[in-house]
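S.K.: Sending over a structure as structure tokens; questions will come in a sec.
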Amino acid sequence: MAYQLYRNTTLGNSLQESLDELIQTQQITPQLALQVLLQFDKAINTALANRVRNRVNFRLSPITLNVSKPST
């Protein structure tokens with residue numbers, strides 16, 4: 001799922017660590033933690049789609065490689 005891309009950010013990792021701690025102390029269920037992560041995924045993607053205006057485009061020109069056999 002493309003939404004999960006942002007779970008590897010500092011914010012996403014901190015959220016996952018906090019949820020894991022809450023699960024271990026039995027303050028929330030694993031199902032609730034999953035719902036929180038899914039909501040995070042949706043919220044971060046919506047925020048970035050609506051608020052980020054900077055885009056980067058790369059244009060590359062083709063390169064040609066000539067490979068020849070070494071003479072023996």
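Here's how to read the names in the structure tokens: chain A, B, ... by the order shown, residue numbers from 1 in each chain, ligand numbers from 1 in the order shown.
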DSSP on the backbone, alpha helix (DSSP H) only: what residues of stretch 1-68 of chain A does that give? Format it as an NGL selection string.
M.R.: :A and (10-24 or 30-51)
S.K.: Dump N, CA and C atoms for the selected residues as a short mmCIF file (atom, residue, chain, number, x, y, z; two decimals), in the first residue's frame?
M.R.:
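Saved to part_12.cif:
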```cif
data_model
loop_
_atom_site.label_atom_id
_atom_site.label_comp_id
_atom_site.auth_asym_id
_atom_site.auth_seq_id
_atom_site.Cartn_x
_atom_site.Cartn_y
_atom_site.Cartn_z
N THR A 10 10.38 9.86 10.86
CA THR A 10 10.57 10.00 12.30
C THR A 10 9.22 10.00 13.01
N LEU A 11 8.27 10.73 12.47
CA LEU A 11 6.94 10.80 13.07
C LEU A 11 6.25 9.44 13.04
N GLY A 12 6.31 8.77 11.90
CA GLY A 12 5.70 7.45 11.77
C GLY A 12 6.32 6.42 12.69
N ASN A 13 7.65 6.43 12.78
CA ASN A 13 8.34 5.49 13.68
C ASN A 13 7.99 5.77 15.14
N SER A 14 7.93 7.03 15.51
CA SER A 14 7.57 7.37 16.89
C SER A 14 6.16 6.92 17.22
N LEU A 15 5.26 7.10 16.27
CA LEU A 15 3.88 6.65 16.48
C LEU A 15 3.84 5.14 16.67
N GLN A 16 4.54 4.40 15.82
CA GLN A 16 4.54 2.95 15.93
C GLN A 16 5.14 2.48 17.26
N GLU A 17 6.22 3.12 17.69
CA GLU A 17 6.83 2.76 18.97
C GLU A 17 5.88 3.03 20.13
N SER A 18 5.19 4.15 20.08
CA SER A 18 4.23 4.49 21.13
C SER A 18 3.08 3.49 21.16
N LEU A 19 2.58 3.15 19.99
CA LEU A 19 1.49 2.18 19.92
C LEU A 19 1.93 0.81 20.42
N ASP A 20 3.16 0.41 20.06
CA ASP A 20 3.69 -0.88 20.55
C ASP A 20 3.76 -0.90 22.07
N GLU A 21 4.19 0.23 22.64
CA GLU A 21 4.28 0.31 24.11
C GLU A 21 2.89 0.21 24.74
N LEU A 22 1.92 0.88 24.14
CA LEU A 22 0.55 0.81 24.65
C LEU A 22 -0.03 -0.60 24.54
N ILE A 23 0.32 -1.30 23.48
CA ILE A 23 -0.13 -2.69 23.32
C ILE A 23 0.51 -3.57 24.40
N GLN A 24 1.81 -3.39 24.62
CA GLN A 24 2.52 -4.21 25.60
C GLN A 24 2.00 -4.00 27.02
N PRO A 30 -4.27 -4.55 19.75
CA PRO A 30 -3.57 -4.47 18.46
C PRO A 30 -4.48 -3.98 17.33
N GLN A 31 -5.75 -4.31 17.41
CA GLN A 31 -6.70 -3.85 16.39
C GLN A 31 -6.85 -2.32 16.42
N LEU A 32 -6.89 -1.75 17.62
CA LEU A 32 -6.98 -0.29 17.73
C LEU A 32 -5.70 0.36 17.21
N ALA A 33 -4.55 -0.23 17.51
CA ALA A 33 -3.28 0.31 17.01
C ALA A 33 -3.26 0.31 15.49
N LEU A 34 -3.77 -0.74 14.88
CA LEU A 34 -3.83 -0.81 13.43
C LEU A 34 -4.75 0.27 12.87
N GLN A 35 -5.87 0.50 13.53
CA GLN A 35 -6.78 1.56 13.08
C GLN A 35 -6.11 2.92 13.17
N VAL A 36 -5.34 3.15 14.23
CA VAL A 36 -4.62 4.42 14.38
C VAL A 36 -3.61 4.58 13.25
N LEU A 37 -2.86 3.51 12.94
CA LEU A 37 -1.88 3.58 11.86
C LEU A 37 -2.54 3.83 10.51
N LEU A 38 -3.66 3.20 10.27
CA LEU A 38 -4.37 3.43 9.01
C LEU A 38 -4.86 4.87 8.91
N GLN A 39 -5.34 5.42 10.02
CA GLN A 39 -5.78 6.81 10.03
C GLN A 39 -4.59 7.75 9.81
N PHE A 40 -3.45 7.43 10.41
CA PHE A 40 -2.22 8.20 10.19
C PHE A 40 -1.86 8.20 8.71
N ASP A 41 -1.89 7.02 8.10
CA ASP A 41 -1.55 6.90 6.68
C ASP A 41 -2.44 7.81 5.83
N LYS A 42 -3.74 7.77 6.07
CA LYS A 42 -4.67 8.58 5.30
C LYS A 42 -4.45 10.07 5.56
N ALA A 43 -4.26 10.43 6.82
CA ALA A 43 -4.10 11.85 7.17
C ALA A 43 -2.83 12.44 6.58
N ILE A 44 -1.73 11.70 6.66
CA ILE A 44 -0.46 12.24 6.15
C ILE A 44 -0.51 12.38 4.64
N ASN A 45 -1.12 11.43 3.96
CA ASN A 45 -1.23 11.52 2.51
C ASN A 45 -2.14 12.65 2.08
N THR A 46 -3.25 12.84 2.78
CA THR A 46 -4.15 13.95 2.47
C THR A 46 -3.46 15.28 2.71
N ALA A 47 -2.78 15.40 3.84
CA ALA A 47 -2.09 16.66 4.16
C ALA A 47 -1.03 16.99 3.11
N LEU A 48 -0.26 16.01 2.73
CA LEU A 48 0.78 16.27 1.74
C LEU A 48 0.20 16.59 0.37
N ALA A 49 -0.87 15.93 0.01
CA ALA A 49 -1.50 16.19 -1.29
C ALA A 49 -2.09 17.59 -1.34
N ASN A 50 -2.62 18.08 -0.22
CA ASN A 50 -3.29 19.39 -0.20
C ASN A 50 -2.38 20.55 0.13
N ARG A 51 -1.30 20.30 0.84
CA ARG A 51 -0.49 21.42 1.35
C ARG A 51 0.86 21.58 0.69
#
```
